[in-house]
Each structure stands twice: as C-alpha cells, then as structure tokens.
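Colleague: Take this structure, written in structure tokens, and hold onto it; I'll ask about it next.
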Amino acid sequence: MTPRPEQSALPGEPVDETATIVRLYALTNGRTRPRHTLSVHTVLGPGRRQPRRGLAEESAQIIELCRQRRRPLAELAGTTGLHVTAVRVLVSDLIDAGSLTVPAPNTPSGQGPDLQTLHAFSAGLRRRYPNATAKAG
C-alpha cells in the first residue's frame with residue numbers, strides 16, 4: 001500500500017507503513033470481510049437515513065461522494081485513497097445503517113424483467129431447492 005503524500009507528517013518524510021495498517025484495522029474494527037457481497041463494479045447511491053453522529057471521516061466522505069452522484073466501489077476506493085477491502089467493509093456498514101443503497105438499474109416505466117427471465121430464474125430455484133415450498137404473506 002503506497003501512502004499518499006498528504007498523509008506524511010512533514011513534506012518529503014516517509015509515512016510509517018505500520019501506522020497505515022493499524023489505521024485501517026481501527027477504521028474497520030479489525031474486520032476484513034463485508035456483510036454484503038460487493039464487487040468493485042457495484043454502484044452505490046445515497047440512502048434514506050442520515051449518517052449517525054461520530055461517523056469516521058472516511059465513511060462521511062464516502063456518503064458525500066455518493067450524494068453527488070452514484071459511484072462504483074472502485075471509484076470510491078480510488079478517491080478516498082483507501083484499500084478496496086476497507087472500502088467494502090465501510091460501505092457494507094453504511095448499507096446496513098441505511099446511509100447508502102445499491103440502486104436498482106433503471107428500466108423503462110411499466111417494464112420489468114421479461115417473462116422468459118422470470119421462468120428461467122424460477123426453474124433454477126426449483127432445481128437448487130427441490131423440497132422448498134412457497135409461503136405467501
């Protein structure tokens with residue numbers, strides 16, 4: 001992980017790599033796996049809830065970037081200068097808190113998935129879970 005120049009204590013002075021690793025560890029509470037499956041291509045948008053008080057600066061920056069426009073996870077990692085894994089963990093927490101969302105792709109009004117796709121999806125579920133029963137309500 002290459003430190004960004006603005007992270008140096010003095011211009012031209014190298015940043016301690018150990019300090020950067022410890023900072024990421026503290027930022028993610030030691031977690032290396034997000035609760036949600038997120039690829040670097042996952043596009044994120046603002047959520048309905050306001051961020052909680054005392055939110056880490058990096059998390060607040062991610063929320064602000066997503067308020068400006070929808071952004072893929074890779075862009076968030078590049079803009080914040082954080083490792084992709086750390087951004088995945090932070091974004092997962094923000095999704096759980098309702099501060100970020102993974103918006104559904106836009107479809108023309110009145111159009112949803114086509115019937116053939118729904119039938120294929122249903123058949124796949126029946127093959128994977130042959131003993132499952134549907135429960136309404």
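Note on naming: chains are A, B, ... as they come in the structure tokens, residues start from 1 per chain, ligands start from 1 in the order shown.
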Excluding A:Asp93 and its own-chain neighbours fewer than 6 positions away, which residues fall within 10 Å of it when counting only C-alpha atoms? Please give them as a PDB file with N, CA and C atoms, in the first residue's frame.

Modeller:
```pdb
ATOM      1  N   THR A  28     -11.899  -0.269  10.354  1.00  0.00           N
ATOM      2  CA  THR A  28     -12.853  -1.350  10.045  1.00  0.00           C
ATOM      3  C   THR A  28     -13.147  -2.221  11.263  1.00  0.00           C
ATOM      4  N   PRO A  34     -16.764  -7.878   4.369  1.00  0.00           N
ATOM      5  CA  PRO A  34     -18.028  -7.151   4.499  1.00  0.00           C
ATOM      6  C   PRO A  34     -19.195  -8.120   4.679  1.00  0.00           C
ATOM      7  N   ARG A  35     -20.304  -7.621   5.207  1.00  0.00           N
ATOM      8  CA  ARG A  35     -21.501  -8.453   5.379  1.00  0.00           C
ATOM      9  C   ARG A  35     -22.255  -8.621   4.068  1.00  0.00           C
ATOM     10  N   HIS A  36     -22.025  -7.723   3.115  1.00  0.00           N
ATOM     11  CA  HIS A  36     -22.692  -7.786   1.813  1.00  0.00           C
ATOM     12  C   HIS A  36     -21.679  -8.172   0.743  1.00  0.00           C
ATOM     13  N   SER A  59     -15.906   7.363   6.222  1.00  0.00           N
ATOM     14  CA  SER A  59     -17.292   6.968   5.943  1.00  0.00           C
ATOM     15  C   SER A  59     -18.119   8.180   5.525  1.00  0.00           C
ATOM     16  N   VAL A  87     -12.786  -0.298   2.021  1.00  0.00           N
ATOM     17  CA  VAL A  87     -13.967   0.406   1.498  1.00  0.00           C
ATOM     18  C   VAL A  87     -15.160  -0.542   1.457  1.00  0.00           C
ATOM     19  N   SER A  99     -27.507   4.472   5.184  1.00  0.00           N
ATOM     20  CA  SER A  99     -26.900   5.698   4.665  1.00  0.00           C
ATOM     21  C   SER A  99     -26.498   5.562   3.203  1.00  0.00           C
ATOM     22  N   LEU A 100     -26.341   4.328   2.716  1.00  0.00           N
ATOM     23  CA  LEU A 100     -26.044   4.057   1.306  1.00  0.00           C
ATOM     24  C   LEU A 100     -26.989   2.979   0.805  1.00  0.00           C
TER      25      LEU A 100
END
```

Colleague: Given only C-alpha atoms as the basis, pick out the residue of A:Leu65, A:Ile95, A:Gln116, A:Asn131 nearest to A:Gly78.

Modeller: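 Nearest candidate to A:Gly78 out of A:Leu65, A:Ile95, A:Gln116, A:Asn131: A:Leu65.
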
Colleague: Restricting the calculation to only C-alpha atoms: of A:Pro51, A:Ala56, A:Pro130, A:Ser39, which residue gets closest to A:Ala77?

Modeller: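 Going through A:Pro51, A:Ala56, A:Pro130, A:Ser39 one by one, the smallest distance to A:Ala77 is for A:Ser39.
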
Colleague: With only C-alpha atoms as the basis for distance, which of A:Ile63, A:Leu27, A:Val102, A:Leu90 is at the shortest distance from A:His41?

Modeller: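 For A:His41, the nearest of the candidates is A:Val102.
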
Colleague: Could you list, as number ranges by chain, every residue within 9 Å of stretch 67-72 of chain A, counting only C-alpha atoms and ignoring same-chain residues fewer than 4 positions away?

Modeller: A: 39-47, 62-63, 76-77, 103

Colleague: As an exercise, work out the distance from atom CA of A:Arg88 to atom CA of A:Leu38 in Å and give it to one decimal place.

Modeller: 6.7 Å

Colleague: Go through A:His119, A:Glu57, A:Asp96, A:Thr37 and flag the residue nearest A:Leu73, using only C-alpha atoms for the distances.

Modeller: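 Going through A:His119, A:Glu57, A:Asp96, A:Thr37 one by one, the smallest distance to A:Leu73 is for A:Thr37.
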
Colleague: What does the distance from atom CA of A:Thr80 to atom CA of A:Glu58 come to in Å, to one decimal?

Modeller: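 Distance reported for this atom pair: 7.1 Å.
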
Colleague: So what do you get for atom CA of A:Gly54 versus atom CA of A:Arg31, distance-wise?

Modeller: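 Value for the atom CA of A:Gly54-atom CA of A:Arg31 distance: 19.1 Å.
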
Colleague: Based on the backbone DSSP call, show me all residues of stretch 39-113 of chain A assigned strand (DSSP E), as a list in words.

Modeller: Val43, Leu44, Gly45, Pro46, Arg71, Pro72, Leu100 and Thr101 of chain A

Colleague: Extract the full set of alpha helix (DSSP H) residues from stretch 49-129 of chain A according to DSSP on the backbone, and format it as a count of residues only.

Modeller: 47
